[in-house]
Amino acid sequence: LPSAPSSSIANLLQFKGLWLYVPICLFLASRFLFSTPAAPSSNMVRAIFNGQVIAESKDTQKVEGNHYFPPDSVKDEYFSDSDLTTVCGWKGTANYKTLKVGDQTAKNSVWYYANPKQGAAKIKGYYAFYKSKGIKVEE
């Protein structure tokens, strides 16, 4: 690796070597790639599985293309706890639920952040749904 230049401002502004380039890239990535602010929705949004509305709210938070529904907007009778957890770098640990409506089950198709990191505080306890598992989200 190249050594850091002398204290001269002119040398600092030349961006020679990786000593300055890498920290700038890491800073930009952490600010723009890993923290997407939640955007509130004012339209009625519905999550539907097997023809049944399982969540409905005008107060969802949209993050990374997913609507997160407030806890009081979901129909708990269709959800069961799962042991699965995953970790997102900026949101924290996600917990999962399995969805069952009639004769159809979508395992680990619902996730939420019980104790999200500070940057995701607006979605604490809110539920999101995997569209790839047959759940339709309508705006």
# chains A, B, ... in the order shown; residues from 1 in each chain; ligands from 1
call {"tool": "residues_around", "arguments": {"residues": "Lys124 in chain A", "least_positions_apart": "2", "cutoff": "10 Å", "atoms": "only C-alpha atoms", "output": "count of residues only"}}
result
16
call {"tool": "residues_around", "arguments": {"residues": "Asp81 in chain A", "least_positions_apart": "3", "cutoff": "8 Å", "atoms": "only C-alpha atoms", "output": "PyMOL selection string"}}
result
chain A and resi 96-98
call {"tool": "write_last_selection", "arguments": {"atoms": "all heavy atoms", "output": "PDB file, in the first residue's frame"}}
result
ATOM      1  N   TYR A  96     -39.439 -14.040  11.799  1.00  0.00           N
ATOM      2  CA  TYR A  96     -40.354 -14.493  10.753  1.00  0.00           C
ATOM      3  C   TYR A  96     -41.595 -15.155  11.325  1.00  0.00           C
ATOM      4  O   TYR A  96     -41.598 -15.657  12.442  1.00  0.00           O
ATOM      5  CB  TYR A  96     -39.638 -15.472   9.816  1.00  0.00           C
ATOM      6  CG  TYR A  96     -38.650 -14.770   8.931  1.00  0.00           C
ATOM      7  CD1 TYR A  96     -37.399 -14.398   9.414  1.00  0.00           C
ATOM      8  CD2 TYR A  96     -38.969 -14.437   7.628  1.00  0.00           C
ATOM      9  CE1 TYR A  96     -36.490 -13.732   8.612  1.00  0.00           C
ATOM     10  CE2 TYR A  96     -38.076 -13.769   6.815  1.00  0.00           C
ATOM     11  CZ  TYR A  96     -36.842 -13.421   7.317  1.00  0.00           C
ATOM     12  OH  TYR A  96     -35.956 -12.748   6.524  1.00  0.00           O
ATOM     13  N   LYS A  97     -42.627 -15.158  10.481  1.00  0.00           N
ATOM     14  CA  LYS A  97     -43.869 -15.864  10.779  1.00  0.00           C
ATOM     15  C   LYS A  97     -44.264 -16.645   9.546  1.00  0.00           C
ATOM     16  O   LYS A  97     -43.907 -16.291   8.418  1.00  0.00           O
ATOM     17  CB  LYS A  97     -44.972 -14.890  11.177  1.00  0.00           C
ATOM     18  CG  LYS A  97     -44.713 -14.235  12.546  1.00  0.00           C
ATOM     19  CD  LYS A  97     -45.908 -13.463  13.023  1.00  0.00           C
ATOM     20  CE  LYS A  97     -45.650 -12.858  14.374  1.00  0.00           C
ATOM     21  NZ  LYS A  97     -45.964 -13.740  15.477  1.00  0.00           N
ATOM     22  N   THR A  98     -45.010 -17.706   9.770  1.00  0.00           N
ATOM     23  CA  THR A  98     -45.572 -18.509   8.687  1.00  0.00           C
ATOM     24  C   THR A  98     -47.030 -18.126   8.539  1.00  0.00           C
ATOM     25  O   THR A  98     -47.725 -17.880   9.524  1.00  0.00           O
ATOM     26  CB  THR A  98     -45.401 -20.005   8.990  1.00  0.00           C
ATOM     27  OG1 THR A  98     -44.003 -20.311   8.940  1.00  0.00           O
ATOM     28  CG2 THR A  98     -46.135 -20.878   7.991  1.00  0.00           C
TER      29      THR A  98
END
call {"tool": "residues_around", "arguments": {"residues": "Ala38 in chain A", "least_positions_apart": "5", "cutoff": "7 Å", "atoms": "only C-alpha atoms", "output": "VMD selection string"}}
result
chain A and resid 61 to 63 122
call {"tool": "write_last_selection", "arguments": {"atoms": "N, CA, C and O atoms", "output": "PDB file, in the first residue's frame"}}
result
ATOM      1  N   GLN A  61     -45.249   1.781   6.085  1.00  0.00           N
ATOM      2  CA  GLN A  61     -43.966   2.428   5.825  1.00  0.00           C
ATOM      3  C   GLN A  61     -43.322   1.664   4.680  1.00  0.00           C
ATOM      4  O   GLN A  61     -43.220   0.438   4.743  1.00  0.00           O
ATOM      5  N   LYS A  62     -42.918   2.353   3.623  1.00  0.00           N
ATOM      6  CA  LYS A  62     -42.305   1.679   2.481  1.00  0.00           C
ATOM      7  C   LYS A  62     -40.793   1.803   2.575  1.00  0.00           C
ATOM      8  O   LYS A  62     -40.248   2.902   2.624  1.00  0.00           O
ATOM      9  N   VAL A  63     -40.133   0.649   2.622  1.00  0.00           N
ATOM     10  CA  VAL A  63     -38.678   0.590   2.730  1.00  0.00           C
ATOM     11  C   VAL A  63     -38.176  -0.410   1.695  1.00  0.00           C
ATOM     12  O   VAL A  63     -38.641  -1.552   1.660  1.00  0.00           O
ATOM     13  N   LYS A 122     -38.587   3.368  12.601  1.00  0.00           N
ATOM     14  CA  LYS A 122     -39.973   3.590  12.159  1.00  0.00           C
ATOM     15  C   LYS A 122     -40.702   2.307  11.791  1.00  0.00           C
ATOM     16  O   LYS A 122     -41.923   2.313  11.695  1.00  0.00           O
TER      17      LYS A 122
END
call {"tool": "atom_distance", "arguments": {"atom1": "CA of Ile54 in chain A", "atom2": "CA of Trp90 in chain A"}}
result
27.3 Å
